[in-house]
>>> print(open('upload_14.pdb').read())   # PDB, C-alpha atoms
MODEL        1
ATOM      1  CA  MET N   1       8.429  27.863   3.134
ATOM      2  CA  SER N   2      10.959  30.389   1.865
ATOM      3  CA  THR N   3      13.024  29.704  -1.241
ATOM      4  CA  GLU N   4      16.621  29.588  -0.078
ATOM      5  CA  LYS N   5      16.491  29.759   3.708
ATOM      6  CA  GLN N   6      19.791  28.479   5.067
ATOM      7  CA  LEU N   7      19.497  26.031   7.906
ATOM      8  CA  THR N   8      21.630  25.206  10.898
ATOM      9  CA  GLU N   9      22.678  21.545  11.281
ATOM     10  CA  LYS N  10      20.116  20.997  14.042
ATOM     11  CA  GLU N  11      17.334  22.592  12.001
ATOM     12  CA  SER N  12      18.239  20.376   9.052
ATOM     13  CA  LEU N  13      18.003  17.192  11.105
ATOM     14  CA  LYS N  14      14.713  18.328  12.651
ATOM     15  CA  LEU N  15      13.291  19.110   9.220
ATOM     16  CA  ILE N  16      14.380  15.718   7.865
ATOM     17  CA  SER N  17      12.850  13.721  10.720
ATOM     18  CA  ARG N  18       9.623  15.774  10.738
ATOM     19  CA  THR N  19       9.134  15.412   6.961
ATOM     20  CA  ILE N  20       9.912  11.685   6.951
ATOM     21  CA  TYR N  21       7.387  11.208   9.769
ATOM     22  CA  GLN N  22       4.730  13.166   7.827
ATOM     23  CA  ALA N  23       5.338  11.209   4.618
ATOM     24  CA  LYS N  24       5.151   7.840   6.342
ATOM     25  CA  GLY N  25       1.792   8.769   7.856
ATOM     26  CA  TYR N  26       0.196   9.102   4.412
ATOM     27  CA  PHE N  27      -2.661   6.667   3.991
ATOM     28  CA  TYR N  28      -5.268   6.410   1.217
ATOM     29  CA  GLU N  29      -7.583   3.424   1.231
ATOM     30  CA  THR N  30     -11.325   3.505   0.560
ATOM     31  CA  GLY N  31     -11.809  -0.192   1.355
ATOM     32  CA  ILE N  32     -14.219  -0.540  -1.599
ATOM     33  CA  SER N  33     -12.170  -3.065  -3.566
ATOM     34  CA  GLY N  34     -11.921  -5.246  -0.427
ATOM     35  CA  ILE N  35     -15.702  -5.059   0.027
ATOM     36  CA  ILE N  36     -16.333  -6.080  -3.626
ATOM     37  CA  TYR N  37     -13.802  -8.908  -3.420
ATOM     38  CA  GLY N  38     -15.152 -10.140  -0.064
ATOM     39  CA  PHE N  39     -18.810 -10.113  -1.071
ATOM     40  CA  SER N  40     -18.074 -11.941  -4.330
ATOM     41  CA  ILE N  41     -16.201 -14.722  -2.491
ATOM     42  CA  LEU N  42     -18.912 -14.897   0.157
ATOM     43  CA  ILE N  43     -21.706 -15.195  -2.447
ATOM     44  CA  CYS N  44     -19.770 -17.710  -4.596
ATOM     45  CA  SER N  45     -18.994 -19.830  -1.498
ATOM     46  CA  VAL N  46     -22.596 -19.888  -0.264
ATOM     47  CA  LEU N  47     -23.893 -20.675  -3.772
ATOM     48  CA  THR N  48     -21.368 -23.520  -4.114
ATOM     49  CA  TYR N  49     -22.403 -24.906  -0.727
ATOM     50  CA  LEU N  50     -26.108 -24.759  -1.675
ATOM     51  CA  THR N  51     -25.364 -26.354  -5.067
ATOM     52  CA  GLU N  52     -23.377 -29.198  -3.504
ATOM     53  CA  LYS N  53     -26.169 -29.757  -0.960
ATOM     54  CA  ALA N  54     -28.611 -29.869  -3.929
ATOM     55  CA  VAL N  55     -30.665 -27.023  -2.448
ATOM     56  CA  ILE N  56     -30.343 -25.097  -5.704
ATOM     57  CA  SER N  57     -29.073 -26.027  -9.147
ATOM     58  CA  PHE N  58     -26.608 -23.925 -11.050
ATOM     59  CA  PRO N  59     -25.781 -24.251 -14.781
ATOM     60  CA  PHE N  60     -22.063 -23.867 -14.045
ATOM     61  CA  HIS N  61     -19.726 -23.835 -11.047
ATOM     62  CA  PRO N  62     -20.689 -20.723  -9.024
ATOM     63  CA  PHE N  63     -17.026 -19.714  -8.703
ATOM     64  CA  TYR N  64     -17.034 -18.887 -12.436
ATOM     65  CA  LEU N  65     -19.091 -15.836 -11.371
ATOM     66  CA  PHE N  66     -15.890 -14.607  -9.803
ATOM     67  CA  ILE N  67     -14.239 -14.053 -13.216
ATOM     68  CA  PRO N  68     -16.242 -10.914 -14.223
ATOM     69  CA  VAL N  69     -16.105  -9.687 -10.607
ATOM     70  CA  PHE N  70     -12.315 -10.012 -10.721
ATOM     71  CA  PHE N  71     -12.188  -7.588 -13.674
ATOM     72  CA  VAL N  72     -14.551  -5.130 -11.934
ATOM     73  CA  GLN N  73     -12.467  -5.303  -8.756
ATOM     74  CA  SER N  74      -9.232  -4.784 -10.732
ATOM     75  CA  PHE N  75     -10.797  -1.736 -12.429
ATOM     76  CA  VAL N  76     -11.818  -0.261  -9.037
ATOM     77  CA  GLN N  77      -8.326  -0.969  -7.668
ATOM     78  CA  LEU N  78      -6.665   0.776 -10.622
ATOM     79  CA  ARG N  79      -8.891   3.836 -10.191
ATOM     80  CA  GLU N  80      -7.979   3.990  -6.499
ATOM     81  CA  GLU N  81      -4.272   3.715  -7.305
ATOM     82  CA  LYS N  82      -4.632   6.713  -9.628
ATOM     83  CA  LYS N  83      -6.233   8.781  -6.867
ATOM     84  CA  LYS N  84      -3.314   8.204  -4.504
ATOM     85  CA  LYS N  85      -1.107  11.275  -4.230
ATOM     86  CA  ALA N  86       1.881   9.211  -3.124
ATOM     87  CA  LYS N  87       2.874   5.596  -3.142
ATOM     88  CA  THR N  88       4.617   4.524   0.038
ATOM     89  CA  PHE N  89       6.969   1.551   0.385
ATOM     90  CA  THR N  90       4.358  -0.042   2.677
ATOM     91  CA  ASP N  91       1.752   0.215  -0.128
ATOM     92  CA  GLU N  92       4.196  -1.426  -2.500
ATOM     93  CA  ALA N  93       5.060  -4.245  -0.065
ATOM     94  CA  ILE N  94       1.342  -4.950   0.564
ATOM     95  CA  ASP N  95       0.733  -5.039  -3.218
ATOM     96  CA  PHE N  96       3.522  -7.623  -3.558
ATOM     97  CA  VAL N  97       2.023  -9.727  -0.742
ATOM     98  CA  TRP N  98      -1.420  -9.859  -2.408
ATOM     99  CA  THR N  99       0.012 -10.443  -5.890
ATOM    100  CA  GLY N 100       1.934 -13.385  -4.423
ATOM    101  CA  PHE N 101      -1.257 -14.542  -2.699
ATOM    102  CA  PHE N 102      -3.252 -14.368  -5.920
ATOM    103  CA  LEU N 103      -0.629 -16.330  -7.888
ATOM    104  CA  SER N 104      -0.403 -18.933  -5.086
ATOM    105  CA  VAL N 105      -4.198 -19.333  -5.137
ATOM    106  CA  LEU N 106      -4.052 -19.960  -8.894
ATOM    107  CA  VAL N 107      -1.438 -22.676  -8.290
ATOM    108  CA  ALA N 108      -3.560 -24.137  -5.452
ATOM    109  CA  PHE N 109      -6.483 -24.388  -7.889
ATOM    110  CA  THR N 110      -4.546 -26.992  -9.894
ATOM    111  CA  ALA N 111      -5.491 -29.333  -7.017
ATOM    112  CA  VAL N 112      -9.092 -29.065  -8.263
ATOM    113  CA  PHE N 113      -8.031 -30.561 -11.609
ATOM    114  CA  ALA N 114      -6.322 -33.366  -9.689
ATOM    115  CA  GLY N 115      -9.707 -34.093  -8.074
ATOM    116  CA  ILE N 116      -8.908 -32.826  -4.583
ATOM    117  CA  ASN N 117     -11.269 -29.821  -4.382
ATOM    118  CA  TYR N 118     -11.614 -29.467  -0.646
ATOM    119  CA  MET N 119      -7.882 -29.664   0.077
ATOM    120  CA  ALA N 120      -7.401 -26.726  -2.301
ATOM    121  CA  ILE N 121      -9.769 -24.672  -0.125
ATOM    122  CA  SER N 122      -7.742 -25.574   2.995
ATOM    123  CA  ILE N 123      -4.561 -24.415   1.262
ATOM    124  CA  ILE N 124      -6.291 -21.182   0.201
ATOM    125  CA  LEU N 125      -7.328 -20.571   3.820
ATOM    126  CA  ILE N 126      -3.706 -20.984   4.983
ATOM    127  CA  LEU N 127      -2.502 -18.601   2.248
ATOM    128  CA  THR N 128      -5.215 -16.081   3.176
ATOM    129  CA  GLY N 129      -4.040 -16.223   6.790
ATOM    130  CA  LEU N 130      -0.450 -15.592   5.707
ATOM    131  CA  ALA N 131      -1.313 -12.663   3.393
ATOM    132  CA  THR N 132      -3.555 -11.134   6.066
ATOM    133  CA  PHE N 133      -0.862 -11.511   8.722
ATOM    134  CA  LEU N 134       1.777  -9.813   6.537
ATOM    135  CA  THR N 135      -0.674  -7.019   5.619
ATOM    136  CA  GLY N 136      -1.463  -6.466   9.298
ATOM    137  CA  MET N 137       2.208  -6.388  10.283
ATOM    138  CA  LEU N 138       3.189  -4.043   7.433
ATOM    139  CA  SER N 139       0.293  -1.631   7.909
ATOM    140  CA  LYS N 140       0.237  -1.998  11.724
ATOM    141  CA  PHE N 141      -3.513  -2.680  11.436
ATOM    142  CA  ARG N 142      -4.145  -4.844  14.511
ATOM    143  CA  TYR N 143      -7.503  -6.097  13.229
ATOM    144  CA  HIS N 144      -5.744  -7.851  10.313
ATOM    145  CA  ILE N 145      -3.226  -9.512  12.637
ATOM    146  CA  ILE N 146      -6.053 -10.941  14.778
ATOM    147  CA  CYS N 147      -7.903 -11.944  11.575
ATOM    148  CA  SER N 148      -4.918 -13.902  10.339
ATOM    149  CA  PHE N 149      -4.957 -16.083  13.478
ATOM    150  CA  VAL N 150      -8.695 -16.694  13.044
ATOM    151  CA  CYS N 151      -7.976 -17.584   9.414
ATOM    152  CA  TRP N 152      -5.305 -20.103  10.388
ATOM    153  CA  LEU N 153      -7.686 -21.571  12.979
ATOM    154  CA  LEU N 154     -10.348 -21.960  10.271
ATOM    155  CA  ALA N 155      -7.701 -23.557   8.017
ATOM    156  CA  SER N 156      -6.917 -26.111  10.755
ATOM    157  CA  VAL N 157     -10.624 -26.832  11.231
ATOM    158  CA  SER N 158     -11.020 -27.200   7.462
ATOM    159  CA  PHE N 159      -8.744 -30.285   7.418
ATOM    160  CA  PHE N 160     -11.454 -32.033   9.455
ATOM    161  CA  VAL N 161     -14.267 -30.685   7.278
ATOM    162  CA  GLN N 162     -13.382 -32.063   3.852
ATOM    163  CA  ASP N 163     -16.904 -31.754   2.451
ATOM    164  CA  ALA N 164     -19.291 -29.045   1.176
ATOM    165  CA  ARG N 165     -19.267 -27.290   4.568
ATOM    166  CA  ILE N 166     -15.728 -26.115   3.817
ATOM    167  CA  TYR N 167     -17.293 -23.455   1.558
ATOM    168  CA  LEU N 168     -19.017 -22.015   4.621
ATOM    169  CA  LEU N 169     -15.588 -21.665   6.254
ATOM    170  CA  LEU N 170     -14.458 -19.828   3.127
ATOM    171  CA  ALA N 171     -17.523 -17.566   3.364
ATOM    172  CA  VAL N 172     -16.686 -16.738   7.017
ATOM    173  CA  THR N 173     -13.092 -15.987   5.956
ATOM    174  CA  ALA N 174     -14.334 -13.583   3.259
ATOM    175  CA  LEU N 175     -16.455 -11.838   5.864
ATOM    176  CA  ILE N 176     -13.660 -11.348   8.401
ATOM    177  CA  VAL N 177     -10.727 -10.764   6.037
ATOM    178  CA  TRP N 178     -12.253  -8.513   3.389
ATOM    179  CA  ILE N 179     -15.806  -7.360   4.174
ATOM    180  CA  ILE N 180     -15.485  -6.190   7.813
ATOM    181  CA  PRO N 181     -12.047  -4.492   7.374
ATOM    182  CA  GLY N 182     -13.346  -3.055   4.076
ATOM    183  CA  PHE N 183     -16.181  -1.322   5.936
ATOM    184  CA  ILE N 184     -13.816  -0.219   8.734
ATOM    185  CA  LEU N 185     -11.393   1.307   6.192
ATOM    186  CA  ASN N 186     -14.283   2.910   4.313
ATOM    187  CA  ALA N 187     -15.568   4.520   7.530
ATOM    188  CA  VAL N 188     -12.055   5.808   8.352
ATOM    189  CA  PHE N 189     -11.693   7.116   4.784
ATOM    190  CA  LYS N 190     -15.040   8.966   4.929
ATOM    191  CA  LYS N 191     -14.091  10.455   8.292
ATOM    192  CA  GLN N 192     -10.744  11.638   6.832
ATOM    193  CA  GLN N 193     -12.493  13.207   3.845
ATOM    194  CA  HIS N 194     -14.973  15.089   6.006
ATOM    195  CA  GLY N 195     -12.474  15.977   8.715
TER     196      GLY N 195
ATOM    197  CA  MET W   1      38.414  18.534   8.445
ATOM    198  CA  PHE W   2      34.704  18.562   7.721
ATOM    199  CA  LYS W   3      33.198  17.932   4.346
ATOM    200  CA  GLU W   4      31.090  20.743   2.888
ATOM    201  CA  LEU W   5      27.351  20.304   3.171
ATOM    202  CA  ASP W   6      25.857  19.717  -0.280
ATOM    203  CA  PRO W   7      24.584  23.214  -1.304
ATOM    204  CA  ILE W   8      21.807  21.678  -3.408
ATOM    205  CA  LEU W   9      20.373  19.959  -0.336
ATOM    206  CA  HIS W  10      21.251  22.606   2.224
ATOM    207  CA  SER W  11      18.155  24.700   1.589
ATOM    208  CA  GLN W  12      14.904  24.351   3.520
ATOM    209  CA  LEU W  13      12.501  23.534   0.694
ATOM    210  CA  ARG W  14      14.816  21.297  -1.335
ATOM    211  CA  LEU W  15      15.748  19.355   1.797
ATOM    212  CA  ALA W  16      12.053  18.950   2.671
ATOM    213  CA  VAL W  17      11.324  17.665  -0.860
ATOM    214  CA  MET W  18      14.195  15.176  -0.680
ATOM    215  CA  SER W  19      13.156  14.016   2.811
ATOM    216  CA  LEU W  20       9.640  13.380   1.515
ATOM    217  CA  LEU W  21      10.834  11.532  -1.565
ATOM    218  CA  ILE W  22      13.257   9.343   0.372
ATOM    219  CA  SER W  23      10.316   8.120   2.496
ATOM    220  CA  VAL W  24       7.965   7.177  -0.345
ATOM    221  CA  LYS W  25       8.335   5.341  -3.631
ATOM    222  CA  GLN W  26       6.942   8.292  -5.569
ATOM    223  CA  ALA W  27       4.801  11.348  -4.902
ATOM    224  CA  ASP W  28       2.618  13.742  -6.858
ATOM    225  CA  PHE W  29       3.528  17.419  -7.041
ATOM    226  CA  ILE W  30       0.294  18.231  -5.135
ATOM    227  CA  PHE W  31       1.303  15.885  -2.300
ATOM    228  CA  ILE W  32       4.727  17.546  -1.988
ATOM    229  CA  LYS W  33       3.107  20.999  -2.106
ATOM    230  CA  GLU W  34       0.672  20.087   0.689
ATOM    231  CA  LYS W  35       3.341  18.558   2.926
ATOM    232  CA  THR W  36       5.862  21.362   2.495
ATOM    233  CA  ASN W  37       3.347  24.252   2.555
ATOM    234  CA  ALA W  38       5.229  25.768  -0.388
ATOM    235  CA  THR W  39       3.715  27.780  -3.216
ATOM    236  CA  ALA W  40       3.427  26.031  -6.588
ATOM    237  CA  GLY W  41       5.829  28.477  -8.253
ATOM    238  CA  ASN W  42       8.520  28.183  -5.611
ATOM    239  CA  LEU W  43       8.207  24.420  -5.485
ATOM    240  CA  SER W  44       8.471  24.175  -9.292
ATOM    241  CA  VAL W  45      11.763  26.074  -9.242
ATOM    242  CA  GLN W  46      13.237  23.902  -6.467
ATOM    243  CA  VAL W  47      12.031  20.659  -8.075
ATOM    244  CA  GLN W  48      13.670  21.767 -11.322
ATOM    245  CA  LYS W  49      16.982  22.394  -9.475
ATOM    246  CA  LEU W  50      16.850  18.912  -7.920
ATOM    247  CA  LYS W  51      16.074  17.429 -11.323
ATOM    248  CA  GLU W  52      18.998  19.248 -12.940
ATOM    249  CA  ALA W  53      21.291  17.913 -10.207
ATOM    250  CA  GLY W  54      20.079  14.407 -11.104
ATOM    251  CA  TYR W  55      18.677  13.862  -7.600
ATOM    252  CA  ILE W  56      15.069  13.287  -8.684
ATOM    253  CA  ASP W  57      13.148  12.115 -11.728
ATOM    254  CA  VAL W  58      10.146  14.164 -12.766
ATOM    255  CA  ILE W  59       7.447  12.379 -14.746
ATOM    256  CA  LYS W  60       4.791  14.481 -16.443
ATOM    257  CA  GLU W  61       1.677  12.666 -17.619
ATOM    258  CA  PHE W  62      -2.088  12.968 -17.861
ATOM    259  CA  LYS W  63      -4.278  11.544 -15.099
ATOM    260  CA  ASP W  64      -8.029  11.556 -15.864
ATOM    261  CA  ASN W  65      -7.475  14.230 -18.533
ATOM    262  CA  TYR W  66      -5.549  16.504 -16.159
ATOM    263  CA  PRO W  67      -1.786  17.075 -16.246
ATOM    264  CA  ASN W  68      -0.042  15.405 -13.343
ATOM    265  CA  THR W  69       3.562  15.629 -12.215
ATOM    266  CA  THR W  70       5.108  12.777 -10.269
ATOM    267  CA  CYS W  71       8.511  12.947  -8.567
ATOM    268  CA  LYS W  72      10.767  10.085  -7.637
ATOM    269  CA  ILE W  73      14.192  10.096  -5.998
ATOM    270  CA  THR W  74      17.080   8.689  -8.072
ATOM    271  CA  LYS W  75      20.000   6.518  -6.913
ATOM    272  CA  LYS W  76      22.229   9.589  -7.116
ATOM    273  CA  GLY W  77      19.696  11.453  -4.977
ATOM    274  CA  ILE W  78      19.642   8.703  -2.331
ATOM    275  CA  GLN W  79      23.452   8.727  -2.193
ATOM    276  CA  ALA W  80      23.545  12.526  -1.914
ATOM    277  CA  PHE W  81      20.930  12.478   0.842
ATOM    278  CA  GLU W  82      22.810   9.799   2.793
ATOM    279  CA  ASP W  83      26.075  11.708   2.451
ATOM    280  CA  TYR W  84      24.339  14.903   3.587
ATOM    281  CA  VAL W  85      22.986  13.208   6.728
ATOM    282  CA  LYS W  86      26.424  11.709   7.490
ATOM    283  CA  VAL W  87      28.100  15.109   7.272
ATOM    284  CA  LEU W  88      25.354  16.622   9.450
ATOM    285  CA  GLN W  89      25.937  13.938  12.064
ATOM    286  CA  GLU W  90      29.688  14.631  12.024
ATOM    287  CA  TYR W  91      29.043  18.332  12.611
ATOM    288  CA  LEU W  92      26.658  17.640  15.476
ATOM    289  CA  GLN W  93      28.936  15.084  17.157
ATOM    290  CA  VAL W  94      31.723  17.627  17.358
ATOM    291  CA  LYS W  95      29.424  20.361  18.637
ATOM    292  CA  GLN W  96      28.046  18.164  21.439
ATOM    293  CA  PRO W  97      30.139  18.283  24.661
TER     294      PRO W  97
ENDMDL
END
>>> encode(input="upload_14.pdb", output="structure tokens")
Amino acid sequence: MSTEKQLTEKESLKLISRTIYQAKGYFYETGISGIIYGFSILICSVLTYLTEKAVISFPFHPFYLFIPVFFVQSFVQLREEKKKKAKTFTDEAIDFVWTGFFLSVLVAFTAVFAGINYMAISIILILTGLATFLTGMLSKFRYHIICSFVCWLLASVSFFVQDARIYLLLAVTALIVWIIPGFILNAVFKKQQHG
Amino acid sequence: MFKELDPILHSQLRLAVMSLLISVKQADFIFIKEKTNATAGNLSVQVQKLKEAGYIDVIKEFKDNYPNTTCKITKKGIQAFEDYVKVLQEYLQVKQP
């Protein structure tokens, strides 16, 4: 591109629309943090189910395992953010959605202290559906939009399953919301890097 | 009577940089260089001109021990870009039969 090339009005408008289109197409997502997050929820859920069914015994609530994983996942996320060459408004909006989700989940966990454990899981499933739906709509990733409806269906089912089996619903949610899309995004990312 | 097109924006590379920055929250120098196909030297000069006009903020920092330059459009830059597009539209409306 030359230094001071003067443009006609039409050329200017063409340049603006072409550049805006190029910038909006920027996408950098390895999917790794989603895979870590999904597997940790899946493992914690299955362990909690097995503990409640007295198949195994655990010295503490299996979900406490999630605390160190949370720090690892945050570290991975921060490293990925640093590798991004540009931050789009869509990236920022999705970050806000998941920050809101995380804070809402923390609030939902107060239900556990009120002795209503299983209802808290139902609420978390509804919130997961909402965050997934918004992510899908913002990123135009159809898989996430479909996932959100499955999530809401699981949330509805969970109201009728207010026992240990609810953790299996949570495990299924982790699989469809984080693990599968994580692998899809990772495959797309690898393809982009090699292509 | 038409308004004058902003001379700072009415240049190919500077307009491309501003169009990129209006579409994203912030972008690295490397990203802008890749998208505009400009040379590093030329881009540096144009980025500096936009910075001096107050249209963009340039943040220099270290990322994994390497220097990294990030650019972000300012409020003044957004206003200038919007005004530029409005004037362009006025020109084109008159030219169209």
>>> interface_residues(input="upload_14.pdb", of="chain N", to="chain W", cutoff="12 Å", atoms="only C-alpha atoms", output="MDAnalysis selection string")
chainID N and resid 1:27 78:79 81:93
>>> write_last_selection(input="upload_14.pdb", atoms="C-alpha atoms", output="short mmCIF file (atom, residue, chain, number, x, y, z; two decimals), in the coordinates of the input")
data_model
loop_
_atom_site.label_atom_id
_atom_site.label_comp_id
_atom_site.auth_asym_id
_atom_site.auth_seq_id
_atom_site.Cartn_x
_atom_site.Cartn_y
_atom_site.Cartn_z
CA MET N 1 8.43 27.86 3.13
CA SER N 2 10.96 30.39 1.86
CA THR N 3 13.02 29.70 -1.24
CA GLU N 4 16.62 29.59 -0.08
CA LYS N 5 16.49 29.76 3.71
CA GLN N 6 19.79 28.48 5.07
CA LEU N 7 19.50 26.03 7.91
CA THR N 8 21.63 25.21 10.90
CA GLU N 9 22.68 21.54 11.28
CA LYS N 10 20.12 21.00 14.04
CA GLU N 11 17.33 22.59 12.00
CA SER N 12 18.24 20.38 9.05
CA LEU N 13 18.00 17.19 11.10
CA LYS N 14 14.71 18.33 12.65
CA LEU N 15 13.29 19.11 9.22
CA ILE N 16 14.38 15.72 7.86
CA SER N 17 12.85 13.72 10.72
CA ARG N 18 9.62 15.77 10.74
CA THR N 19 9.13 15.41 6.96
CA ILE N 20 9.91 11.68 6.95
CA TYR N 21 7.39 11.21 9.77
CA GLN N 22 4.73 13.17 7.83
CA ALA N 23 5.34 11.21 4.62
CA LYS N 24 5.15 7.84 6.34
CA GLY N 25 1.79 8.77 7.86
CA TYR N 26 0.20 9.10 4.41
CA PHE N 27 -2.66 6.67 3.99
CA LEU N 78 -6.66 0.78 -10.62
CA ARG N 79 -8.89 3.84 -10.19
CA GLU N 81 -4.27 3.72 -7.30
CA LYS N 82 -4.63 6.71 -9.63
CA LYS N 83 -6.23 8.78 -6.87
CA LYS N 84 -3.31 8.20 -4.50
CA LYS N 85 -1.11 11.28 -4.23
CA ALA N 86 1.88 9.21 -3.12
CA LYS N 87 2.87 5.60 -3.14
CA THR N 88 4.62 4.52 0.04
CA PHE N 89 6.97 1.55 0.38
CA THR N 90 4.36 -0.04 2.68
CA ASP N 91 1.75 0.22 -0.13
CA GLU N 92 4.20 -1.43 -2.50
CA ALA N 93 5.06 -4.24 -0.06
#
>>> resolve_selection(input="upload_14.pdb", expression="the PyMOL selection byres ((chain N and resi 37) around 10)", output="PDB file with C-alpha atoms, keeping the file's coordinate frame")
ATOM      1  CA  ILE N  32     -14.219  -0.540  -1.599  1.00  0.00           C
ATOM      2  CA  SER N  33     -12.170  -3.065  -3.566  1.00  0.00           C
ATOM      3  CA  GLY N  34     -11.921  -5.246  -0.427  1.00  0.00           C
ATOM      4  CA  ILE N  35     -15.702  -5.059   0.027  1.00  0.00           C
ATOM      5  CA  ILE N  36     -16.333  -6.080  -3.626  1.00  0.00           C
ATOM      6  CA  GLY N  38     -15.152 -10.140  -0.064  1.00  0.00           C
ATOM      7  CA  PHE N  39     -18.810 -10.113  -1.071  1.00  0.00           C
ATOM      8  CA  SER N  40     -18.074 -11.941  -4.330  1.00  0.00           C
ATOM      9  CA  ILE N  41     -16.201 -14.722  -2.491  1.00  0.00           C
ATOM     10  CA  LEU N  42     -18.912 -14.897   0.157  1.00  0.00           C
ATOM     11  CA  PHE N  66     -15.890 -14.607  -9.803  1.00  0.00           C
ATOM     12  CA  VAL N  69     -16.105  -9.687 -10.607  1.00  0.00           C
ATOM     13  CA  PHE N  70     -12.315 -10.012 -10.721  1.00  0.00           C
ATOM     14  CA  VAL N  72     -14.551  -5.130 -11.934  1.00  0.00           C
ATOM     15  CA  GLN N  73     -12.467  -5.303  -8.756  1.00  0.00           C
ATOM     16  CA  SER N  74      -9.232  -4.784 -10.732  1.00  0.00           C
ATOM     17  CA  ALA N 174     -14.334 -13.583   3.259  1.00  0.00           C
ATOM     18  CA  TRP N 178     -12.253  -8.513   3.389  1.00  0.00           C
ATOM     19  CA  ILE N 179     -15.806  -7.360   4.174  1.00  0.00           C
ATOM     20  CA  GLY N 182     -13.346  -3.055   4.076  1.00  0.00           C
TER      21      GLY N 182
END
>>> resolve_selection(input="upload_14.pdb", expression="the PyMOL selection byres ((chain W and resi 48-61) around 6)", output="list in words")
Val45, Gln46, Val47, Phe62, Pro67, Asn68, Thr69, Thr70, Cys71, Lys72, Ile73, Thr74, Lys76 and Gly77 of chain W
>>> atom_distance(input="upload_14.pdb", atom1="CA of Ile116 (chain N)", atom2="CA of Ala131 (chain N)")
23.0 Å
>>> atom_distance(input="upload_14.pdb", atom1="CA of Val112 (chain N)", atom2="CA of Thr135 (chain N)")
27.4 Å
>>> axis_aligned_box(input="upload_14.pdb", around="region 16-30 of chain W", padding_each_side="5 Å", output="lines of an AutoDock Vina configuration file")
center_x = 7.2
center_y = 12.1
center_z = -2.1
size_x = 23.9
size_y = 23.6
size_z = 19.9
>>> atom_distance(input="upload_14.pdb", atom1="CA of Ile56 (chain N)", atom2="CA of Gln162 (chain N)")
20.7 Å
